[in-house]
file model_35.cif (mmCIF, C-alpha atoms)
data_run
#
loop_
_atom_site.label_atom_id
_atom_site.label_comp_id
_atom_site.auth_asym_id
_atom_site.auth_seq_id
_atom_site.Cartn_x
_atom_site.Cartn_y
_atom_site.Cartn_z
CA MET A 15 60.21 5.56 142.19
CA SER A 16 61.57 3.73 145.18
CA GLY A 17 60.81 0.59 147.10
CA ASP A 18 61.95 -2.95 147.61
CA LEU A 19 63.00 -4.85 144.54
CA VAL A 20 60.63 -7.61 143.47
CA ARG A 21 62.07 -11.13 143.56
CA PRO A 22 61.48 -13.75 140.86
CA PHE A 23 58.35 -15.79 141.56
CA ALA A 24 55.65 -17.92 139.96
CA ALA A 25 51.91 -17.44 140.49
CA GLY A 26 49.13 -19.93 139.93
CA ILE A 27 46.43 -18.45 137.68
CA ASP A 28 43.11 -20.20 138.25
CA GLY A 29 40.96 -19.65 135.17
CA ALA A 30 37.99 -21.32 136.90
CA SER A 31 37.93 -19.08 140.00
CA GLY A 32 39.85 -15.97 138.94
CA GLY A 33 42.39 -16.58 141.69
CA VAL A 34 46.05 -15.57 141.63
CA ASP A 35 48.36 -17.27 144.14
CA PRO A 36 50.27 -15.51 145.60
CA ALA A 37 48.01 -12.47 145.29
CA GLY A 38 48.67 -8.78 145.83
CA VAL A 39 45.94 -6.13 145.89
CA VAL A 40 42.36 -7.36 145.38
CA SER A 41 39.67 -4.87 144.38
CA GLU A 42 35.94 -5.30 143.93
CA ARG A 43 33.45 -3.03 142.22
CA ARG A 44 29.76 -3.20 143.02
CA LEU A 45 26.88 -1.74 141.04
CA SER A 46 26.94 1.33 143.28
CA ASP A 47 30.58 1.95 142.32
CA LEU A 48 29.52 2.20 138.67
CA ARG A 49 26.98 5.03 138.94
CA GLY A 50 27.06 7.30 135.90
CA LEU A 51 28.54 4.69 133.59
CA PHE A 52 25.48 2.70 132.45
CA ARG A 53 22.92 4.37 130.19
CA ASP A 54 19.90 3.28 132.24
CA ALA A 55 20.44 5.10 135.56
CA ALA A 56 17.02 4.07 136.92
CA ALA A 57 17.72 0.37 136.29
CA LEU A 58 21.06 0.76 138.03
CA GLU A 59 19.45 2.29 141.14
CA ARG A 60 16.88 -0.50 141.26
CA ALA A 61 19.68 -3.10 141.12
CA VAL A 62 21.65 -1.26 143.82
CA GLY A 63 18.53 -1.42 146.00
CA GLU A 64 18.11 -5.12 145.31
CA GLY A 65 21.45 -6.15 146.78
CA ASP A 66 24.12 -4.07 145.05
CA GLU A 67 25.96 -7.09 143.63
CA VAL A 68 29.63 -7.29 142.84
CA VAL A 69 30.05 -6.62 139.10
CA TYR A 70 33.76 -7.37 138.87
CA ARG A 71 36.82 -8.25 140.89
CA VAL A 72 40.49 -7.72 140.03
CA VAL A 73 43.11 -9.91 141.70
CA ALA A 74 46.61 -8.56 141.12
CA ALA A 75 49.87 -10.45 141.43
CA PRO A 76 52.33 -8.95 143.96
CA VAL A 77 54.15 -6.70 141.47
CA PRO A 78 54.13 -2.95 142.19
CA GLU A 79 52.95 -0.40 139.66
CA VAL A 80 56.29 1.33 139.16
CA GLU A 81 58.59 1.97 136.19
CA GLY A 82 60.41 -1.17 135.06
CA GLU A 83 58.09 -3.68 136.70
CA VAL A 84 55.39 -5.46 134.66
CA PRO A 85 52.29 -6.00 136.85
CA PHE A 86 49.70 -8.62 135.97
CA SER A 87 46.22 -9.41 137.26
CA VAL A 88 43.12 -11.49 136.65
CA THR A 89 39.77 -9.76 136.22
CA THR A 90 36.46 -11.60 136.73
CA ILE A 91 33.31 -9.88 135.42
CA GLU A 92 30.09 -11.53 136.54
CA ALA A 93 27.29 -12.28 134.07
CA GLY A 94 24.49 -9.73 134.18
CA ARG A 95 23.06 -6.55 132.71
CA VAL A 96 21.85 -3.13 133.75
CA GLY A 97 18.88 -2.60 131.46
CA ASP A 98 20.11 -3.97 128.13
CA GLU A 99 23.78 -3.14 128.83
CA PHE A 100 26.14 -5.90 129.85
CA TYR A 101 28.09 -5.84 133.12
CA MET A 102 31.38 -4.10 132.48
CA THR A 103 34.46 -2.54 134.04
CA ARG A 104 34.76 1.17 134.75
CA GLY A 105 37.24 1.57 131.91
CA HIS A 106 40.40 3.66 131.95
CA ALA A 107 43.17 5.13 129.87
CA HIS A 108 46.88 5.09 130.74
CA PRO A 109 48.15 8.60 131.57
CA GLU A 110 51.57 7.44 130.36
CA PRO A 111 50.85 5.97 126.94
CA GLN A 112 51.73 2.29 127.31
CA GLY A 113 50.12 -0.72 125.64
CA GLU A 114 48.52 -3.66 127.42
CA VAL A 115 47.74 -7.31 126.63
CA TYR A 116 44.56 -9.15 127.73
CA PHE A 117 44.45 -12.94 127.49
CA GLY A 118 41.11 -14.75 127.80
CA LEU A 119 40.86 -17.46 130.50
CA SER A 120 37.15 -18.34 130.72
CA GLY A 121 33.80 -17.11 129.45
CA ARG A 122 33.31 -14.59 126.69
CA GLY A 123 33.76 -10.84 126.71
CA VAL A 124 34.16 -7.77 124.58
CA LEU A 125 37.24 -5.58 124.87
CA LEU A 126 36.11 -2.10 123.86
CA MET A 127 38.72 0.51 122.91
CA TYR A 128 38.34 4.23 122.23
CA ASP A 129 40.78 6.95 121.23
CA GLY A 130 38.39 9.90 121.59
CA GLU A 131 37.32 9.63 117.96
CA GLU A 132 37.27 6.01 116.86
CA VAL A 133 35.78 2.91 118.52
CA ARG A 134 37.37 -0.51 118.07
CA TRP A 135 36.40 -3.75 119.76
CA VAL A 136 37.44 -7.39 119.76
CA GLU A 137 35.87 -10.46 121.32
CA ILE A 138 37.99 -12.21 123.99
CA ARG A 139 37.59 -15.93 124.68
CA PRO A 140 39.97 -18.51 126.15
CA GLY A 141 43.00 -18.61 123.85
CA VAL A 142 42.48 -15.13 122.45
CA ALA A 143 44.82 -12.24 123.24
CA GLY A 144 43.59 -8.68 122.76
CA TYR A 145 46.08 -5.89 122.13
CA ILE A 146 45.42 -2.40 123.48
CA PRO A 147 47.84 0.02 121.80
CA PRO A 148 49.21 3.05 123.68
CA GLY A 149 46.70 5.91 123.81
CA TRP A 150 43.49 3.87 123.66
CA ALA A 151 41.05 3.80 126.60
CA HIS A 152 39.74 0.32 127.32
CA ARG A 153 36.81 -1.36 129.04
CA THR A 154 35.65 -4.99 129.07
CA ALA A 155 32.10 -6.33 129.19
CA ASN A 156 30.87 -9.85 129.87
CA VAL A 157 28.64 -10.86 126.95
CA GLY A 158 28.16 -14.49 128.00
CA GLY A 159 26.13 -16.36 130.59
CA GLU A 160 29.01 -17.30 132.89
CA PRO A 161 31.80 -15.26 134.51
CA PHE A 162 34.26 -13.74 132.04
CA ARG A 163 37.90 -13.90 133.14
CA PHE A 164 41.09 -12.61 131.59
CA LEU A 165 44.74 -12.10 132.44
CA ALA A 166 46.04 -8.54 131.97
CA VAL A 167 49.74 -7.64 131.61
CA TYR A 168 50.92 -4.01 131.47
CA PRO A 169 53.97 -1.83 132.18
CA GLY A 170 54.09 -0.60 135.76
CA SER A 171 54.53 3.04 134.70
CA ALA A 172 51.25 3.15 132.71
CA GLY A 173 48.93 4.41 135.46
CA HIS A 174 45.12 4.42 135.40
CA ASP A 175 42.93 7.38 134.45
CA TYR A 176 39.29 6.53 135.20
CA ALA A 177 38.07 10.13 135.06
CA ILE A 178 38.66 10.52 131.33
CA VAL A 179 36.28 7.61 130.66
CA ALA A 180 33.72 8.86 133.22
CA GLU A 181 33.86 12.23 131.45
CA GLY A 182 34.32 11.32 127.80
CA GLY A 183 32.72 7.86 127.65
CA MET A 184 33.92 5.00 125.47
CA GLY A 185 32.19 6.05 122.25
CA ALA A 186 30.01 2.92 122.31
CA ARG A 187 28.02 0.56 124.54
CA VAL A 188 27.84 -3.24 124.59
CA VAL A 189 24.16 -4.23 124.65
CA ARG A 190 21.92 -7.26 124.28
CA SER A 191 20.63 -7.97 120.79
CA ALA A 192 18.78 -10.72 118.95
CA ALA A 193 22.15 -12.19 117.96
CA GLY A 194 23.37 -12.14 121.59
CA TYR A 195 25.13 -8.81 121.77
CA GLU A 196 26.07 -5.82 119.68
CA VAL A 197 28.39 -2.86 120.08
CA VAL A 198 26.39 0.31 119.47
CA GLU A 199 28.25 3.54 118.81
CA GLU A 200 27.03 6.58 120.69
CA PRO A 201 26.00 9.66 118.75
CA GLY A 202 27.88 12.89 119.21
CA GLY A 203 31.24 11.74 120.38
CA ALA A 204 33.54 13.32 122.91
CA GLY A 205 34.28 17.03 123.12
CA PRO A 206 37.49 18.73 121.93
CA ALA A 207 39.24 18.49 125.31
CA VAL A 208 38.74 14.72 125.44
CA ARG A 209 39.89 14.29 121.84
CA GLU A 210 43.00 16.32 122.59
CA TYR A 211 43.74 14.13 125.66
CA TYR A 212 43.90 11.07 123.45
CA ARG A 213 45.74 12.76 120.57
CA ARG A 214 48.57 13.77 122.88
CA ARG A 215 48.98 10.16 124.00
CA LYS A 216 48.99 8.57 120.56
CA LYS A 217 51.85 10.55 119.06
CA ARG A 218 55.04 8.69 118.30
CA GLY A 219 58.03 10.95 117.74
CA MET B 20 61.30 5.86 117.92
CA SER B 21 59.19 6.24 114.83
CA GLY B 22 56.89 4.15 112.76
CA ASP B 23 53.25 3.45 112.08
CA LEU B 24 50.99 3.28 115.09
CA VAL B 25 49.72 -0.19 115.92
CA ARG B 26 45.93 -0.61 115.70
CA PRO B 27 43.84 -2.55 118.22
CA PHE B 28 43.60 -6.23 117.32
CA ALA B 29 42.99 -9.70 118.71
CA ALA B 30 45.25 -12.70 118.08
CA GLY B 31 44.40 -16.37 118.43
CA ILE B 32 46.94 -18.13 120.66
CA ASP B 33 47.05 -21.85 119.90
CA GLY B 34 48.48 -23.62 122.92
CA ALA B 35 48.52 -26.93 121.02
CA SER B 36 50.60 -25.73 118.04
CA GLY B 37 52.34 -22.61 119.33
CA GLY B 38 50.68 -20.54 116.63
CA VAL B 39 49.76 -16.87 116.87
CA ASP B 40 47.23 -15.53 114.34
CA PRO B 41 47.91 -12.94 113.05
CA ALA B 42 51.65 -13.45 113.45
CA GLY B 43 54.55 -11.06 113.12
CA VAL B 44 58.19 -12.16 113.13
CA VAL B 45 58.85 -15.92 113.45
CA SER B 46 62.29 -17.11 114.50
CA GLU B 47 63.72 -20.60 114.78
CA ARG B 48 66.85 -21.77 116.54
CA ARG B 49 68.52 -25.03 115.63
CA LEU B 50 71.14 -26.95 117.59
CA SER B 51 73.86 -25.30 115.52
CA ASP B 52 72.61 -21.87 116.63
CA LEU B 53 73.23 -22.86 120.26
CA ARG B 54 76.93 -23.70 120.06
CA GLY B 55 78.80 -22.68 123.21
CA LEU B 56 75.72 -22.79 125.44
CA PHE B 57 75.43 -26.49 126.36
CA ARG B 58 78.05 -28.04 128.63
CA ASP B 59 78.63 -31.09 126.42
CA ALA B 60 80.06 -29.57 123.22
CA ALA B 61 80.85 -32.98 121.70
CA ALA B 62 77.27 -34.19 122.16
CA LEU B 63 76.03 -30.97 120.55
CA GLU B 64 78.26 -31.48 117.48
CA ARG B 65 77.05 -35.08 117.11
CA ALA B 66 73.44 -33.88 117.21
CA VAL B 67 74.18 -31.14 114.68
CA GLY B 68 75.62 -33.83 112.39
CA GLU B 69 72.56 -36.03 112.88
CA GLY B 70 70.07 -33.51 111.46
CA ASP B 71 70.56 -30.27 113.38
CA GLU B 72 66.99 -30.18 114.68
CA VAL B 73 65.01 -27.13 115.58
CA VAL B 74 65.27 -26.65 119.36
CA TYR B 75 62.80 -23.79 119.68
CA ARG B 76 60.62 -21.42 117.72
CA VAL B 77 59.27 -18.01 118.71
CA VAL B 78 56.13 -16.70 117.00
CA ALA B 79 55.60 -13.02 117.77
CA ALA B 80 52.36 -11.06 117.46
CA PRO B 81 52.57 -8.05 115.10
CA VAL B 82 53.58 -5.50 117.76
CA PRO B 83 56.89 -3.67 117.24
CA GLU B 84 59.61 -3.60 119.87
CA VAL B 85 59.48 0.13 120.56
CA GLU B 86 58.83 2.28 123.63
CA GLY B 87 55.17 2.30 124.65
CA GLU B 88 54.15 -0.87 122.81
CA VAL B 89 53.85 -4.18 124.67
CA PRO B 90 54.95 -7.04 122.36
CA PHE B 91 53.87 -10.61 123.02
CA SER B 92 54.93 -13.95 121.57
CA VAL B 93 54.59 -17.71 121.97
CA THR B 94 57.73 -19.82 122.39
CA THR B 95 57.75 -23.57 121.67
CA ILE B 96 60.72 -25.56 122.98
CA GLU B 97 60.88 -29.13 121.66
CA ALA B 98 61.51 -32.06 123.99
CA GLY B 99 65.09 -33.26 123.95
CA ARG B 100 68.52 -33.07 125.54
CA VAL B 101 72.13 -32.40 124.63
CA GLY B 102 73.96 -34.87 126.86
CA ASP B 103 72.07 -34.63 130.14
CA GLU B 104 71.05 -30.99 129.61
CA PHE B 105 67.51 -30.20 128.50
CA TYR B 106 66.71 -28.30 125.32
CA MET B 107 66.61 -24.62 126.15
CA THR B 108 66.53 -21.10 124.78
CA ARG B 109 69.65 -19.01 124.28
CA GLY B 110 68.72 -16.78 127.21
CA HIS B 111 69.00 -13.02 127.39
CA ALA B 112 68.89 -9.99 129.64
CA HIS B 113 67.08 -6.74 128.88
CA PRO B 114 69.54 -3.88 128.27
CA GLU B 115 66.84 -1.51 129.51
CA PRO B 116 65.78 -3.04 132.83
CA GLN B 117 62.15 -4.04 132.31
CA GLY B 118 60.26 -6.99 133.76
CA GLU B 119 58.53 -9.71 131.77
CA VAL B 120 55.69 -12.19 132.33
CA TYR B 121 55.65 -15.80 131.03
CA PHE B 122 52.38 -17.75 131.08
CA GLY B 123 52.44 -21.53 130.56
CA LEU B 124 50.28 -22.90 127.72
CA SER B 125 51.32 -26.56 127.33
CA GLY B 126 54.00 -28.96 128.55
CA ARG B 127 56.34 -28.30 131.43
CA GLY B 128 59.40 -26.12 131.64
CA VAL B 129 61.82 -24.38 133.94
CA LEU B 130 62.24 -20.62 133.87
CA LEU B 131 65.80 -19.98 135.03
CA MET B 132 66.79 -16.49 136.18
CA TYR B 133 70.19 -15.05 137.05
CA ASP B 134 71.36 -11.67 138.28
CA GLY B 135 75.10 -12.32 137.99
CA GLU B 136 75.27 -13.57 141.57
CA GLU B 137 72.11 -15.43 142.47
CA VAL B 138 70.16 -18.12 140.60
CA ARG B 139 66.39 -18.42 140.93
CA TRP B 140 64.09 -20.74 139.04
CA VAL B 141 60.40 -21.60 138.87
CA GLU B 142 58.52 -24.38 137.10
CA ILE B 143 56.07 -23.23 134.41
CA ARG B 144 53.02 -25.35 133.50
CA PRO B 145 49.65 -24.43 131.98
CA GLY B 146 48.02 -21.96 134.36
CA VAL B 147 51.27 -20.80 135.93
CA ALA B 148 52.70 -17.31 135.37
CA GLY B 149 56.39 -16.70 135.98
CA TYR B 150 57.59 -13.21 136.85
CA ILE B 151 61.00 -12.02 135.67
CA PRO B 152 61.89 -8.82 137.55
CA PRO B 153 63.95 -6.07 135.88
CA GLY B 154 67.66 -6.86 135.81
CA TRP B 155 67.43 -10.66 135.77
CA ALA B 156 68.65 -12.66 132.75
CA HIS B 157 66.27 -15.46 131.80
CA ARG B 158 66.27 -18.73 129.91
CA THR B 159 63.65 -21.49 129.65
CA ALA B 160 64.24 -25.24 129.33
CA ASN B 161 61.76 -27.98 128.43
CA VAL B 162 61.88 -30.57 131.24
CA GLY B 163 58.96 -32.69 129.96
CA GLY B 164 58.39 -35.24 127.23
CA GLU B 165 56.26 -33.03 124.95
CA PRO B 166 56.74 -29.53 123.53
CA PHE B 167 56.79 -26.79 126.17
CA ARG B 168 54.91 -23.64 125.18
CA PHE B 169 54.43 -20.30 126.90
CA LEU B 170 53.15 -16.83 126.20
CA ALA B 171 55.62 -13.99 126.89
CA VAL B 172 54.59 -10.34 127.41
CA TYR B 173 57.18 -7.56 127.77
CA PRO B 174 57.62 -3.81 127.29
CA GLY B 175 58.78 -2.90 123.78
CA SER B 176 61.69 -0.83 125.05
CA ALA B 177 63.32 -3.73 126.94
CA GLY B 178 65.63 -5.01 124.18
CA HIS B 179 67.50 -8.33 124.13
CA ASP B 180 71.11 -8.87 125.16
CA TYR B 181 72.15 -12.42 124.26
CA ALA B 182 75.89 -11.74 124.56
CA ILE B 183 75.82 -11.24 128.32
CA VAL B 184 74.42 -14.77 128.74
CA ALA B 185 76.83 -16.27 126.19
CA GLU B 186 79.67 -14.62 128.13
CA GLY B 187 78.50 -14.84 131.75
CA GLY B 188 76.27 -17.92 131.66
CA MET B 189 73.12 -18.37 133.71
CA GLY B 190 74.77 -19.56 136.93
CA ALA B 191 73.10 -22.97 136.64
CA ARG B 192 72.08 -25.72 134.22
CA VAL B 193 68.84 -27.71 133.96
CA VAL B 194 69.76 -31.40 133.73
CA ARG B 195 68.19 -34.85 133.88
CA SER B 196 68.08 -36.51 137.28
CA ALA B 197 66.53 -39.57 138.90
CA ALA B 198 63.56 -37.38 139.92
CA GLY B 199 63.14 -36.07 136.35
CA TYR B 200 65.22 -32.92 136.40
CA GLU B 201 67.30 -30.78 138.67
CA VAL B 202 68.76 -27.30 138.51
CA VAL B 203 72.48 -27.54 139.22
CA GLU B 204 74.38 -24.40 140.11
CA GLU B 205 77.70 -23.90 138.36
CA PRO B 206 80.81 -23.41 140.42
CA GLY B 207 82.77 -20.19 140.22
CA GLY B 208 80.14 -17.74 139.08
CA ALA B 209 80.49 -14.82 136.72
CA GLY B 210 83.38 -12.38 136.72
CA PRO B 211 83.26 -8.83 138.10
CA ALA B 212 82.30 -7.21 134.77
CA VAL B 213 79.27 -9.48 134.43
CA ARG B 214 78.23 -8.88 138.04
CA GLU B 215 78.51 -5.12 137.48
CA TYR B 216 76.34 -5.38 134.33
CA TYR B 217 73.51 -6.84 136.38
CA ARG B 218 74.01 -4.55 139.40
CA ARG B 219 73.59 -1.48 137.23
CA ARG B 220 70.27 -2.83 135.94
CA LYS B 221 68.77 -3.78 139.29
CA LYS B 222 69.05 -0.39 140.98
CA ARG B 223 65.86 1.47 141.72
CA GLY B 224 66.41 5.15 142.49
#

call {"tool": "encode", "arguments": {"input": "model_35.cif", "output": "structure tokens"}}
result
Amino acid sequence: MSGDLVRPFAAGIDGASGGVDPAGVVSERRLSDLRGLFRDAAALERAVGEGDEVVYRVVAAPVPEVEGEVPFSVTTIEAGRVGDEFYMTRGHAHPEPQGEVYFGLSGRGVLLMYDGEEVRWVEIRPGVAGYIPPGWAHRTANVGGEPFRFLAVYPGSAGHDYAIVAEGGMGARVVRSAAGYEVVEEPGGAGPAVREYYRRRKKRG
Amino acid sequence: MSGDLVRPFAAGIDGASGGVDPAGVVSERRLSDLRGLFRDAAALERAVGEGDEVVYRVVAAPVPEVEGEVPFSVTTIEAGRVGDEFYMTRGHAHPEPQGEVYFGLSGRGVLLMYDGEEVRWVEIRPGVAGYIPPGWAHRTANVGGEPFRFLAVYPGSAGHDYAIVAEGGMGARVVRSAAGYEVVEEPGGAGPAVREYYRRRKKRG
């Protein structure tokens, strides 16, 4: 890797707006960016036609994603559902198996994790840190009525593999229930190639 | 590296007490553990004789410090001074050059960084994240009247070198002033061996 060295700095993290100041890259995902991920494809297309809202926004601090650096960002997931499934991120795994820490800032969400065979999830609220071990894909969903925001911190070498989640799923969905929400495991599970992808990343020598 | 794989989990982070639940390793440093670090050695010895208080405590989450994992911890620095110098951590550099993120939880502190030649510092308060780039030694001091607490997140392969700070200093001290506090650079600077230590760690190929 090459590039300018990052200088020491401080960034304001606004838990009420999801802002990071100074900010680096900002990315937004609308409903139309999430085709194929929600169970109810017809409901998704209706919502795309009705305004294609922003589902989530990620504001990164100005730290590059390279070996040695430790990037951080704030994600805001809006409140909403597609059918009975809560608004959520695309979800990804790290091609280089590195852990990650999420720290809740506002609202209430579910951090869903999947290793190709097993599903684990934890609820994230302000003052709760979720730990994503190396080798686990992860996705967050907003299960509350207001925006859900969290700070993410991860090694710059980790990378992002969205395709493995688009292909192999997350093993479960976060849906509305009488109690508010529930995490429902999906029948069948991923195929052998997806399981092998995760197994390779979870080994510790 | 070897060992059991860490499982996904969530930890409660109590910004009012400095607690982490579940917790891993807890470490405490008293005044007597900080001999040689404050400028006023006589004032330190008097304070050691008067009860040797705890200066800071680090409560780690149960994530091991190994390659691939991303440990996190909460540090609480008590309010106080040795002479005119604020209570502070020992300070360390990472033998493997990896960055680190500090996120303020309560109180007010200074994050002091040093690369063997240059001093940089930022103030950390609740809602402020400080970024420590690879190759910079770091120390925090409590510049307020209540405990200063922050969440730290860092790659598990980084390691901790306390000796380089004990030997080469931090290039500056955080002391009381009419305005509350100031960061005063130390004359002279580190020797060539210390400067070379940091230079080796800041290179990006």

call {"tool": "interface_residues", "arguments": {"input": "model_35.cif", "of": "chain B", "to": "chain A", "cutoff": "7 Å", "atoms": "all atoms listed in the file", "output": "PyMOL selection string"}}
result
chain B and resi 20-21+25-33+87-89+116-119+139+141+146-153+172+174+223-224

call {"tool": "atom_distance", "arguments": {"input": "model_35.cif", "atom1": "CA of Val77 (chain B)", "atom2": "CA of Ala74 (chain A)"}}
result
27.4 Å

call {"tool": "resolve_selection", "arguments": {"input": "model_35.cif", "expression": "the PyMOL selection byres ((chain A and resi 179) around 8)", "output": "PyMOL selection string"}}
result
chain A and resi 104-107+151+175-178+180-184

call {"tool": "resolve_selection", "arguments": {"input": "model_35.cif", "expression": "the PyMOL selection byres ((chain B and resi 190-197) around 10)", "output": "count of residues only"}}
result
44

call {"tool": "atom_distance", "arguments": {"input": "model_35.cif", "atom1": "CA of Ala61 (chain A)", "atom2": "CA of Gly159 (chain A)"}}
result
18.1 Å

call {"tool": "atom_distance", "arguments": {"input": "model_35.cif", "atom1": "CA of Val93 (chain B)", "atom2": "CA of Ser36 (chain B)"}}
result
9.8 Å

call {"tool": "closest_residue", "arguments": {"input": "model_35.cif", "among": "A:Ala207, A:Val39, A:Ala30, A:Val62", "to": "Ser120 (chain A)", "atoms": "all atoms listed in the file"}}
result
A:Ala30

call {"tool": "residues_around", "arguments": {"input": "model_35.cif", "residues": "Glu47 (chain B)", "least_positions_apart": "4", "cutoff": "10 Å", "atoms": "all atoms listed in the file", "output": "ChimeraX atom specification"}}
result
/B:52,73-78,94-95
